[in-house]
$ cat work.pdb   # PDB, C-alpha atoms
MODEL        1
ATOM      1  CA  MET A  17       9.021   1.684  16.946
ATOM      2  CA  LYS A  18       5.306   0.769  17.168
ATOM      3  CA  ARG A  19       4.575   3.208  14.346
ATOM      4  CA  VAL A  20       7.209   1.639  12.086
ATOM      5  CA  LEU A  21       6.141  -1.949  12.851
ATOM      6  CA  THR A  22       2.479  -1.159  12.194
ATOM      7  CA  SER A  23       3.348   0.390   8.827
ATOM      8  CA  ALA A  24       5.640  -2.514   7.930
ATOM      9  CA  LEU A  25       2.797  -4.964   8.523
ATOM     10  CA  LEU A  26       0.037  -2.986   6.830
ATOM     11  CA  ILE A  27       1.696  -1.608   3.690
ATOM     12  CA  PRO A  28       2.400  -4.981   1.962
ATOM     13  CA  VAL A  29      -1.206  -6.060   2.606
ATOM     14  CA  ILE A  30      -2.589  -2.798   1.213
ATOM     15  CA  VAL A  31      -0.379  -2.962  -1.870
ATOM     16  CA  TYR A  32      -1.509  -6.523  -2.574
ATOM     17  CA  VAL A  33      -5.199  -5.679  -2.146
ATOM     18  CA  VAL A  34      -4.952  -2.606  -4.366
ATOM     19  CA  LEU A  35      -2.870  -4.071  -7.195
ATOM     20  CA  TRP A  36      -3.602  -7.793  -7.332
ATOM     21  CA  ALA A  37      -6.541  -8.910  -5.170
ATOM     22  CA  ASP A  38      -9.763 -10.163  -6.706
ATOM     23  CA  TYR A  39     -12.338  -7.407  -7.281
ATOM     24  CA  TRP A  40     -14.733  -8.645  -4.602
ATOM     25  CA  VAL A  41     -11.934  -9.045  -2.079
ATOM     26  CA  PHE A  42     -11.009  -5.447  -2.778
ATOM     27  CA  VAL A  43     -14.634  -4.320  -2.382
ATOM     28  CA  ALA A  44     -14.917  -6.156   0.940
ATOM     29  CA  VAL A  45     -11.728  -4.537   2.261
ATOM     30  CA  LEU A  46     -12.875  -1.131   0.999
ATOM     31  CA  ALA A  47     -16.258  -1.477   2.708
ATOM     32  CA  ALA A  48     -14.547  -2.525   5.942
ATOM     33  CA  ALA A  49     -12.218   0.486   5.763
ATOM     34  CA  ALA A  50     -15.175   2.821   5.210
ATOM     35  CA  CYS A  51     -17.053   1.301   8.151
ATOM     36  CA  LEU A  52     -14.006   1.711  10.400
ATOM     37  CA  CYS A  53     -13.745   5.368   9.398
ATOM     38  CA  TYR A  54     -17.429   5.936  10.097
ATOM     39  CA  ARG A  55     -17.229   4.124  13.445
ATOM     40  CA  GLU A  56     -14.478   6.444  14.666
ATOM     41  CA  TYR A  57     -16.189   9.500  13.198
ATOM     42  CA  ASP A  58     -19.404   8.497  14.991
ATOM     43  CA  THR A  59     -17.562   8.343  18.315
ATOM     44  CA  ILE A  60     -16.045  11.791  17.792
ATOM     45  CA  ALA A  61     -19.324  13.316  16.588
ATOM     46  CA  ALA A  62     -21.162  12.049  19.673
ATOM     47  CA  ARG A  63     -18.969  14.243  21.869
ATOM     48  CA  TYR A  64     -20.409  17.390  20.315
ATOM     49  CA  GLY A  65     -23.567  16.910  22.338
ATOM     50  CA  PHE A  66     -26.161  16.527  19.579
ATOM     51  CA  GLY A  67     -26.311  12.737  19.715
ATOM     52  CA  ALA A  68     -24.261  10.170  17.816
ATOM     53  CA  PRO A  69     -25.274   9.753  14.154
ATOM     54  CA  GLY A  70     -25.515   6.044  14.968
ATOM     55  CA  PRO A  71     -25.956   2.788  13.052
ATOM     56  CA  VAL A  72     -28.164   4.272  10.334
ATOM     57  CA  GLY A  73     -24.998   5.794   8.883
ATOM     58  CA  TYR A  74     -23.537   2.373   8.112
ATOM     59  CA  GLY A  75     -26.541   1.412   6.024
ATOM     60  CA  ALA A  76     -26.666   4.746   4.208
ATOM     61  CA  GLY A  77     -22.928   4.617   3.576
ATOM     62  CA  LEU A  78     -22.951   1.103   2.134
ATOM     63  CA  VAL A  79     -25.829   2.112  -0.151
ATOM     64  CA  LEU A  80     -23.742   5.077  -1.285
ATOM     65  CA  LEU A  81     -20.816   2.756  -2.042
ATOM     66  CA  ALA A  82     -22.986   0.404  -4.083
ATOM     67  CA  TRP A  83     -25.125   3.009  -5.867
ATOM     68  CA  ARG A  84     -24.311   3.460  -9.556
ATOM     69  CA  SER A  85     -26.668   6.305 -10.386
ATOM     70  CA  GLU A  86     -25.935  10.038 -10.355
ATOM     71  CA  ALA A  87     -24.188  11.098  -7.153
ATOM     72  CA  TRP A  88     -26.389  14.137  -6.631
ATOM     73  CA  LEU A  89     -29.476  11.895  -6.415
ATOM     74  CA  VAL A  90     -27.898   9.729  -3.727
ATOM     75  CA  ILE A  91     -26.722  12.688  -1.669
ATOM     76  CA  THR A  92     -30.037  14.521  -1.993
ATOM     77  CA  GLY A  93     -31.918  11.416  -0.890
ATOM     78  CA  LEU A  94     -29.542  10.942   2.018
ATOM     79  CA  VAL A  95     -30.099  14.509   3.211
ATOM     80  CA  LEU A  96     -33.884  14.087   3.080
ATOM     81  CA  VAL A  97     -33.806  10.771   4.944
ATOM     82  CA  ALA A  98     -31.519  12.264   7.588
ATOM     83  CA  MET A  99     -33.924  15.156   8.143
ATOM     84  CA  VAL A 100     -36.831  12.754   8.548
ATOM     85  CA  LEU A 101     -34.910  10.601  11.017
ATOM     86  CA  ALA A 102     -33.975  13.725  12.953
ATOM     87  CA  LEU A 103     -37.645  14.150  13.872
ATOM     88  CA  ARG A 104     -37.126  11.405  16.431
ATOM     89  CA  ALA A 105     -34.846  13.633  18.502
ATOM     90  CA  ARG A 106     -36.211  14.356  21.964
ATOM     91  CA  GLU A 107     -34.835  17.883  21.808
ATOM     92  CA  VAL A 108     -35.971  19.629  18.625
ATOM     93  CA  ALA A 109     -33.076  22.082  18.820
ATOM     94  CA  LYS A 110     -30.676  19.175  18.300
ATOM     95  CA  SER A 111     -32.476  17.559  15.362
ATOM     96  CA  LEU A 112     -30.896  19.557  12.531
ATOM     97  CA  PRO A 113     -27.320  19.366  13.915
ATOM     98  CA  TRP A 114     -27.805  15.606  14.323
ATOM     99  CA  ALA A 115     -28.914  15.299  10.690
ATOM    100  CA  ALA A 116     -25.926  17.385   9.579
ATOM    101  CA  LEU A 117     -23.543  15.144  11.525
ATOM    102  CA  LEU A 118     -25.085  12.056   9.946
ATOM    103  CA  VAL A 119     -24.836  13.329   6.364
ATOM    104  CA  THR A 120     -21.323  14.658   6.895
ATOM    105  CA  GLY A 121     -20.166  11.336   8.319
ATOM    106  CA  VAL A 122     -21.644   9.260   5.513
ATOM    107  CA  VAL A 123     -20.245  11.428   2.727
ATOM    108  CA  TYR A 124     -16.902  11.824   4.529
ATOM    109  CA  ALA A 125     -16.358   8.167   5.411
ATOM    110  CA  PHE A 126     -18.103   6.415   2.520
ATOM    111  CA  GLY A 127     -18.238   8.944  -0.325
ATOM    112  CA  SER A 128     -14.480   9.370  -0.454
ATOM    113  CA  TRP A 129     -13.900   5.608  -0.492
ATOM    114  CA  LYS A 130     -16.375   5.359  -3.365
ATOM    115  CA  CYS A 131     -13.892   7.446  -5.355
ATOM    116  CA  ALA A 132     -11.253   4.838  -4.479
ATOM    117  CA  LEU A 133     -13.496   2.152  -5.952
ATOM    118  CA  SER A 134     -13.864   4.125  -9.181
ATOM    119  CA  LEU A 135     -10.122   4.716  -9.390
ATOM    120  CA  ARG A 136      -9.401   1.009  -8.960
ATOM    121  CA  VAL A 137     -11.908   0.101 -11.672
ATOM    122  CA  ALA A 138     -10.163   2.537 -14.039
ATOM    123  CA  SER A 139      -6.723   1.178 -13.100
ATOM    124  CA  PRO A 140      -5.231  -0.213  -9.884
ATOM    125  CA  HIS A 141      -2.244   2.060 -10.522
ATOM    126  CA  TRP A 142      -4.415   5.156 -10.178
ATOM    127  CA  LEU A 143      -5.499   4.081  -6.710
ATOM    128  CA  MET A 144      -1.955   3.103  -5.763
ATOM    129  CA  TYR A 145      -0.825   6.543  -6.872
ATOM    130  CA  ALA A 146      -3.542   8.157  -4.715
ATOM    131  CA  LEU A 147      -2.289   6.295  -1.659
ATOM    132  CA  LEU A 148       1.337   7.098  -2.433
ATOM    133  CA  VAL A 149       0.573  10.818  -2.551
ATOM    134  CA  ASN A 150      -0.230  10.828   1.140
ATOM    135  CA  TRP A 151       2.238   8.169   2.218
ATOM    136  CA  ALA A 152       5.078  10.139   0.659
ATOM    137  CA  SER A 153       3.714  13.375   2.074
ATOM    138  CA  ASP A 154       3.592  11.991   5.620
ATOM    139  CA  ILE A 155       7.212  10.866   5.429
ATOM    140  CA  GLY A 156       8.500  14.099   3.881
ATOM    141  CA  ALA A 157       6.497  16.355   6.193
ATOM    142  CA  TYR A 158       7.621  14.451   9.293
ATOM    143  CA  TYR A 159      11.361  14.499   8.616
ATOM    144  CA  VAL A 160      11.568  17.963   7.070
ATOM    145  CA  GLY A 161       9.335  19.455   9.743
ATOM    146  CA  ARG A 162      11.294  17.771  12.509
ATOM    147  CA  ARG A 163      14.613  19.048  11.165
ATOM    148  CA  PHE A 164      13.737  22.458   9.729
ATOM    149  CA  GLY A 165      10.270  23.319  11.059
ATOM    150  CA  ARG A 166      10.188  26.847  12.445
ATOM    151  CA  HIS A 167       6.957  28.463  11.298
ATOM    152  CA  LYS A 168       3.687  27.004  12.600
ATOM    153  CA  LEU A 169       1.159  26.019   9.944
ATOM    154  CA  ALA A 170      -2.022  25.967  12.057
ATOM    155  CA  PRO A 171      -1.063  26.304  15.738
ATOM    156  CA  GLU A 172      -4.628  26.344  17.047
ATOM    157  CA  VAL A 173      -5.543  23.132  15.237
ATOM    158  CA  SER A 174      -2.311  21.128  14.997
ATOM    159  CA  PRO A 175       0.594  22.738  16.907
ATOM    160  CA  ASN A 176       3.252  20.311  15.632
ATOM    161  CA  LYS A 177       2.781  21.054  11.928
ATOM    162  CA  SER A 178       4.977  23.626  10.200
ATOM    163  CA  TRP A 179       5.080  25.359   6.829
ATOM    164  CA  GLU A 180       8.476  23.794   6.222
ATOM    165  CA  GLY A 181       7.079  20.325   6.864
ATOM    166  CA  SER A 182       4.124  21.067   4.590
ATOM    167  CA  LEU A 183       6.474  22.016   1.761
ATOM    168  CA  GLY A 184       8.552  18.892   2.406
ATOM    169  CA  GLY A 185       5.382  16.828   2.063
ATOM    170  CA  VAL A 186       4.551  18.426  -1.292
ATOM    171  CA  VAL A 187       8.045  17.813  -2.674
ATOM    172  CA  SER A 188       8.097  14.202  -1.445
ATOM    173  CA  SER A 189       4.735  13.528  -3.089
ATOM    174  CA  VAL A 190       5.835  14.969  -6.412
ATOM    175  CA  LEU A 191       9.076  12.960  -6.392
ATOM    176  CA  LEU A 192       7.664   9.597  -5.282
ATOM    177  CA  ALA A 193       3.987   9.497  -6.239
ATOM    178  CA  GLY A 194       4.594  11.615  -9.332
ATOM    179  CA  ALA A 195       7.300   9.239 -10.497
ATOM    180  CA  TYR A 196       4.950   6.294  -9.976
ATOM    181  CA  LEU A 197       2.197   7.866 -12.071
ATOM    182  CA  MET A 198       4.726   8.829 -14.718
ATOM    183  CA  ARG A 199       5.708   5.167 -14.960
ATOM    184  CA  PHE A 200       2.232   3.622 -14.829
ATOM    185  CA  GLY A 201      -0.125   6.450 -15.807
ATOM    186  CA  SER A 202      -0.138   5.924 -19.562
ATOM    187  CA  ARG A 203       0.769   9.050 -21.538
ATOM    188  CA  ILE A 204      -0.093  11.820 -19.091
ATOM    189  CA  PRO A 205       2.175  14.877 -19.615
ATOM    190  CA  VAL A 206       4.690  15.539 -16.861
ATOM    191  CA  PRO A 207       3.361  19.057 -16.081
ATOM    192  CA  ALA A 208      -0.116  17.574 -15.595
ATOM    193  CA  ILE A 209       1.286  14.927 -13.240
ATOM    194  CA  VAL A 210       3.089  17.559 -11.178
ATOM    195  CA  ALA A 211       0.002  19.794 -11.007
ATOM    196  CA  LEU A 212      -2.255  16.878 -10.074
ATOM    197  CA  THR A 213       0.120  15.656  -7.368
ATOM    198  CA  VAL A 214       0.448  19.118  -5.834
ATOM    199  CA  ALA A 215      -3.354  19.556  -5.842
ATOM    200  CA  ALA A 216      -3.919  16.109  -4.306
ATOM    201  CA  ASN A 217      -1.243  16.705  -1.697
ATOM    202  CA  MET A 218      -2.742  20.049  -0.697
ATOM    203  CA  ALA A 219      -6.177  18.440  -0.435
ATOM    204  CA  GLY A 220      -4.675  15.731   1.757
ATOM    205  CA  GLN A 221      -3.060  18.283   4.058
ATOM    206  CA  PHE A 222      -6.394  20.069   4.407
ATOM    207  CA  GLY A 223      -7.930  16.690   5.238
ATOM    208  CA  ASP A 224      -5.377  16.150   7.984
ATOM    209  CA  LEU A 225      -6.096  19.584   9.462
ATOM    210  CA  ALA A 226      -9.858  19.094   9.162
ATOM    211  CA  GLU A 227      -9.714  15.876  11.161
ATOM    212  CA  SER A 228      -7.445  17.533  13.739
ATOM    213  CA  ALA A 229      -9.967  20.362  14.123
ATOM    214  CA  MET A 230     -12.785  17.837  14.463
ATOM    215  CA  LYS A 231     -10.930  15.983  17.219
ATOM    216  CA  ARG A 232      -9.935  19.202  19.002
ATOM    217  CA  GLY A 233     -13.540  20.365  18.988
ATOM    218  CA  ALA A 234     -14.577  17.042  20.505
ATOM    219  CA  GLY A 235     -11.786  17.136  23.075
ATOM    220  CA  VAL A 236     -10.038  13.927  21.963
ATOM    221  CA  LYS A 237      -6.413  13.328  20.991
ATOM    222  CA  ASP A 238      -6.855  10.367  18.616
ATOM    223  CA  SER A 239      -9.824   9.011  16.709
ATOM    224  CA  GLY A 240      -9.187   5.578  18.225
ATOM    225  CA  THR A 241      -6.558   3.059  19.310
ATOM    226  CA  LEU A 242      -6.784   0.510  16.507
ATOM    227  CA  LEU A 243      -3.311   1.094  15.057
ATOM    228  CA  PRO A 244      -0.439   1.101  17.582
ATOM    229  CA  GLY A 245       1.737   4.158  17.125
ATOM    230  CA  HIS A 246      -0.753   5.807  14.776
ATOM    231  CA  GLY A 247      -3.884   6.156  16.884
ATOM    232  CA  GLY A 248      -7.145   5.371  15.141
ATOM    233  CA  PHE A 249      -7.768   4.209  11.594
ATOM    234  CA  LEU A 250      -9.231   7.597  10.706
ATOM    235  CA  ASP A 251      -6.015   9.247  11.912
ATOM    236  CA  ARG A 252      -4.135   7.198   9.333
ATOM    237  CA  VAL A 253      -6.381   7.919   6.325
ATOM    238  CA  ASP A 254      -7.671  11.445   7.009
ATOM    239  CA  SER A 255      -5.460  12.884   4.254
ATOM    240  CA  THR A 256      -6.429  10.169   1.796
ATOM    241  CA  LEU A 257     -10.150  10.831   2.278
ATOM    242  CA  PHE A 258      -9.691  14.389   0.988
ATOM    243  CA  ALA A 259      -7.223  13.498  -1.765
ATOM    244  CA  LEU A 260      -9.261  10.718  -3.376
ATOM    245  CA  PRO A 261     -12.114  12.899  -4.742
ATOM    246  CA  VAL A 262      -9.596  15.401  -6.124
ATOM    247  CA  ILE A 263      -7.615  12.702  -7.918
ATOM    248  CA  TYR A 264     -10.724  11.001  -9.267
ATOM    249  CA  GLY A 265     -12.137  14.287 -10.549
ATOM    250  CA  CYS A 266      -8.843  15.192 -12.220
ATOM    251  CA  MET A 267      -8.558  11.712 -13.725
ATOM    252  CA  LEU A 268     -11.943  12.217 -15.399
ATOM    253  CA  LEU A 269     -10.789  15.587 -16.739
ATOM    254  CA  LEU A 270      -7.570  14.051 -18.049
ATOM    255  CA  GLY A 271      -9.530  11.307 -19.765
TER     256      GLY A 271
ENDMDL
END
$ encode --input "work.pdb" --output "structure tokens"
Amino acid sequence: MKRVLTSALLIPVIVYVVLWADYWVFVAVLAAAACLCYREYDTIAARYGFGAPGPVGYGAGLVLLAWRSEAWLVITGLVLVAMVLALRAREVAKSLPWAALLVTGVVYAFGSWKCALSLRVASPHWLMYALLVNWASDIGAYYVGRRFGRHKLAPEVSPNKSWEGSLGGVVSSVLLAGAYLMRFGSRIPVPAIVALTVAANMAGQFGDLAESAMKRGAGVKDSGTLLPGHGGFLDRVDSTLFALPVIYGCMLLLG
């Protein structure tokens, strides 16, 4: 019940912000979402024993969101700054892992949301489609997996996920998110919509498993307790963080 109530409260707000809110309201919400993701990532990363990436990640991430130059320049600069900051580590053996955790967290939590910003600038419907891919997948995977799930997808990482549920998630995404993009995505051919939705869905499922592996390695069940019935905020958007770059890249290819 908590899970359903949380979704019922959040979804109308998200839809409004994505489709109709003023640009700067959207940017503020996006930045807050990215900071929440990084906060929970930082907590998980600290449990690996190399030191928490810490507050410097917020600053680097917000710069990444705002930067309008070539992405490779931003990422290269971030890596170099992280390596310099790592020199402060009391144990030299932990300096490089700490820098790696910092860069990973910034790109993971802020870089993916930057793709959301670009999608919204192109068209709010593209971003809404990106969110629907994973919303539909979660619903389809849950009900199909619960009813027909027999074969474990990744038992060592996420024991409750099944191949049947994974397939149900793909089909749900194609039917719901694909139909949305078909209606609002200009003149994109149907085969391209289906292929894009399948690719984005698969990326999202990998994102879900990647976050599960990260939590399992850190010995935690949820990334946080912010959303009743869902766990942490990162638990709710882990799939989206992987799907957004795929959709944005494909949108550029599709023109």
$ atom_distance --input "work.pdb" --atom1 "atom CA of Phe42 of chain A" --atom2 "atom CA of Leu133 of chain A"
8.6 Å
$ closest_residue --input "work.pdb" --among "A:Asn150, A:Thr256, A:Ser239, A:Ser228" --to "Ser174 of chain A" --atoms "all atoms listed in the file"
A:Ser228
$ residues_near_point --input "work.pdb" --point "(-11.4, 14.5, 5.9)" --cutoff "6 Å" --atoms "only C-alpha atoms" --output "list in words"
Gly223, Ala226, Glu227, Asp254, Leu257 and Phe258 of chain A
$ write_last_selection --input "work.pdb" --atoms "C-alpha atoms" --output "short mmCIF file (atom, residue, chain, number, x, y, z; two decimals), in the frame of the given file"
data_model
loop_
_atom_site.label_atom_id
_atom_site.label_comp_id
_atom_site.auth_asym_id
_atom_site.auth_seq_id
_atom_site.Cartn_x
_atom_site.Cartn_y
_atom_site.Cartn_z
CA GLY A 223 -7.93 16.69 5.24
CA ALA A 226 -9.86 19.09 9.16
CA GLU A 227 -9.71 15.88 11.16
CA ASP A 254 -7.67 11.44 7.01
CA LEU A 257 -10.15 10.83 2.28
CA PHE A 258 -9.69 14.39 0.99
#
$ residues_around --input "work.pdb" --residues "Pro71 of chain A" --least-positions-apart "6" --cutoff "12 Å" --atoms "only C-alpha atoms" --output "number ranges by chain"
A: 51, 54-55, 57-59, 77-78, 118, 121-122
$ atom_distance --input "work.pdb" --atom1 "atom CA of Ala50 of chain A" --atom2 "atom CA of Ala125 of chain A"
5.5 Å
$ atom_distance --input "work.pdb" --atom1 "atom CA of Asp38 of chain A" --atom2 "atom CA of Met198 of chain A"
25.2 Å
$ resolve_selection --input "work.pdb" --expression "the PyMOL selection byres ((chain A and resi 135) around 10)" --output "ChimeraX atom specification"
/A:129-134,136-146,260-261,263-265,267-268
$ resolve_selection --input "work.pdb" --expression "the PyMOL selection byres ((chain A and resi 154-169) around 7)" --output "PDB file with C-alpha atoms, in the frame of the given file"
ATOM      1  CA  ASN A 150      -0.230  10.828   1.140  1.00  0.00           C
ATOM      2  CA  TRP A 151       2.238   8.169   2.218  1.00  0.00           C
ATOM      3  CA  ALA A 152       5.078  10.139   0.659  1.00  0.00           C
ATOM      4  CA  SER A 153       3.714  13.375   2.074  1.00  0.00           C
ATOM      5  CA  ALA A 170      -2.022  25.967  12.057  1.00  0.00           C
ATOM      6  CA  PRO A 171      -1.063  26.304  15.738  1.00  0.00           C
ATOM      7  CA  PRO A 175       0.594  22.738  16.907  1.00  0.00           C
ATOM      8  CA  LYS A 177       2.781  21.054  11.928  1.00  0.00           C
ATOM      9  CA  SER A 178       4.977  23.626  10.200  1.00  0.00           C
ATOM     10  CA  TRP A 179       5.080  25.359   6.829  1.00  0.00           C
ATOM     11  CA  GLU A 180       8.476  23.794   6.222  1.00  0.00           C
ATOM     12  CA  GLY A 181       7.079  20.325   6.864  1.00  0.00           C
ATOM     13  CA  SER A 182       4.124  21.067   4.590  1.00  0.00           C
ATOM     14  CA  GLY A 184       8.552  18.892   2.406  1.00  0.00           C
ATOM     15  CA  GLY A 185       5.382  16.828   2.063  1.00  0.00           C
ATOM     16  CA  SER A 188       8.097  14.202  -1.445  1.00  0.00           C
TER      17      SER A 188
END
$ closest_residue --input "work.pdb" --among "A:Ala211, A:Ala48, A:Leu117, A:Leu250" --to "Ala62 of chain A" --atoms "only C-alpha atoms"
A:Leu117
$ closest_residue --input "work.pdb" --among "A:Ala229, A:Leu52, A:Ala76, A:Val34" --to "Val123 of chain A" --atoms "all atoms listed in the file"
A:Ala76
$ residues_around --input "work.pdb" --residues "Gly65 of chain A" --least-positions-apart "3" --cutoff "10 Å" --atoms "all atoms listed in the file" --output "PyMOL selection string"
chain A and resi 61-62+68+110+113-114+234
$ closest_residue --input "work.pdb" --among "A:Cys53, A:Met218, A:Leu197, A:Ile209" --to "Phe249 of chain A" --atoms "all atoms listed in the file"
A:Cys53
$ residues_near_point --input "work.pdb" --point "(-7.9, -5.6, -2.2)" --cutoff "10 Å" --atoms "all atoms listed in the file" --output "MDAnalysis selection string"
chainID A and resid 29:46 136 140
$ closest_residue --input "work.pdb" --among "A:Val190, A:Pro28, A:Gly235, A:Ala219" --to "Val206 of chain A" --atoms "only C-alpha atoms"
A:Val190
$ closest_residue --input "work.pdb" --among "A:Ala47, A:Ser189, A:Leu81, A:Ser111" --to "Gly67 of chain A" --atoms "only C-alpha atoms"
A:Ser111
$ build_atoms --input "work.pdb" --residues "segment 118-146 of chain A" --atoms "N, CA and C atoms" --output "short mmCIF file (atom, residue, chain, number, x, y, z; two decimals), in the frame of the given file"
data_model
loop_
_atom_site.label_atom_id
_atom_site.label_comp_id
_atom_site.auth_asym_id
_atom_site.auth_seq_id
_atom_site.Cartn_x
_atom_site.Cartn_y
_atom_site.Cartn_z
N LEU A 118 -24.87 13.32 10.65
CA LEU A 118 -25.08 12.06 9.95
C LEU A 118 -24.66 12.15 8.48
N VAL A 119 -25.15 13.18 7.79
CA VAL A 119 -24.84 13.33 6.36
C VAL A 119 -23.34 13.56 6.17
N THR A 120 -22.76 14.41 7.00
CA THR A 120 -21.32 14.66 6.90
C THR A 120 -20.53 13.37 7.07
N GLY A 121 -20.89 12.58 8.06
CA GLY A 121 -20.17 11.34 8.32
C GLY A 121 -20.27 10.35 7.18
N VAL A 122 -21.46 10.22 6.61
CA VAL A 122 -21.64 9.26 5.51
C VAL A 122 -20.86 9.68 4.28
N VAL A 123 -20.97 10.95 3.91
CA VAL A 123 -20.24 11.43 2.73
C VAL A 123 -18.74 11.40 2.97
N TYR A 124 -18.31 11.79 4.17
CA TYR A 124 -16.90 11.82 4.53
C TYR A 124 -16.29 10.43 4.53
N ALA A 125 -16.94 9.50 5.23
CA ALA A 125 -16.36 8.17 5.41
C ALA A 125 -16.60 7.23 4.24
N PHE A 126 -17.77 7.35 3.60
CA PHE A 126 -18.10 6.42 2.52
C PHE A 126 -17.96 7.04 1.13
N GLY A 127 -18.31 8.30 0.99
CA GLY A 127 -18.24 8.94 -0.32
C GLY A 127 -16.83 9.00 -0.87
N SER A 128 -15.87 9.30 0.00
CA SER A 128 -14.48 9.37 -0.45
C SER A 128 -13.96 8.00 -0.88
N TRP A 129 -14.33 6.96 -0.12
CA TRP A 129 -13.90 5.61 -0.49
C TRP A 129 -14.57 5.14 -1.78
N LYS A 130 -15.73 5.68 -2.09
CA LYS A 130 -16.38 5.36 -3.36
C LYS A 130 -15.50 5.83 -4.53
N CYS A 131 -14.83 6.97 -4.34
CA CYS A 131 -13.89 7.45 -5.36
C CYS A 131 -12.73 6.46 -5.52
N ALA A 132 -12.32 5.85 -4.41
CA ALA A 132 -11.25 4.84 -4.48
C ALA A 132 -11.70 3.65 -5.32
N LEU A 133 -12.96 3.26 -5.16
CA LEU A 133 -13.50 2.15 -5.95
C LEU A 133 -13.47 2.49 -7.44
N SER A 134 -13.86 3.70 -7.78
CA SER A 134 -13.86 4.12 -9.18
C SER A 134 -12.45 4.20 -9.74
N LEU A 135 -11.51 4.65 -8.94
CA LEU A 135 -10.12 4.72 -9.39
C LEU A 135 -9.58 3.31 -9.66
N ARG A 136 -9.90 2.38 -8.79
CA ARG A 136 -9.40 1.01 -8.96
C ARG A 136 -9.99 0.35 -10.19
N VAL A 137 -11.27 0.64 -10.47
CA VAL A 137 -11.91 0.10 -11.67
C VAL A 137 -11.21 0.64 -12.92
N ALA A 138 -10.87 1.94 -12.90
CA ALA A 138 -10.16 2.54 -14.04
C ALA A 138 -8.78 1.91 -14.20
N SER A 139 -8.05 1.80 -13.10
CA SER A 139 -6.72 1.18 -13.10
C SER A 139 -6.24 1.08 -11.66
N PRO A 140 -5.78 -0.10 -11.24
CA PRO A 140 -5.23 -0.21 -9.88
C PRO A 140 -4.09 0.77 -9.62
N HIS A 141 -3.37 1.14 -10.69
CA HIS A 141 -2.24 2.06 -10.52
C HIS A 141 -2.71 3.46 -10.13
N TRP A 142 -3.89 3.85 -10.58
CA TRP A 142 -4.42 5.16 -10.18
C TRP A 142 -4.68 5.18 -8.68
N LEU A 143 -5.24 4.12 -8.15
CA LEU A 143 -5.50 4.08 -6.71
C LEU A 143 -4.19 3.99 -5.93
N MET A 144 -3.24 3.20 -6.43
CA MET A 144 -1.96 3.10 -5.76
C MET A 144 -1.27 4.46 -5.73
N TYR A 145 -1.37 5.19 -6.81
CA TYR A 145 -0.82 6.54 -6.87
C TYR A 145 -1.48 7.43 -5.81
N ALA A 146 -2.81 7.34 -5.69
CA ALA A 146 -3.54 8.16 -4.72
C ALA A 146 -3.06 7.89 -3.29
#
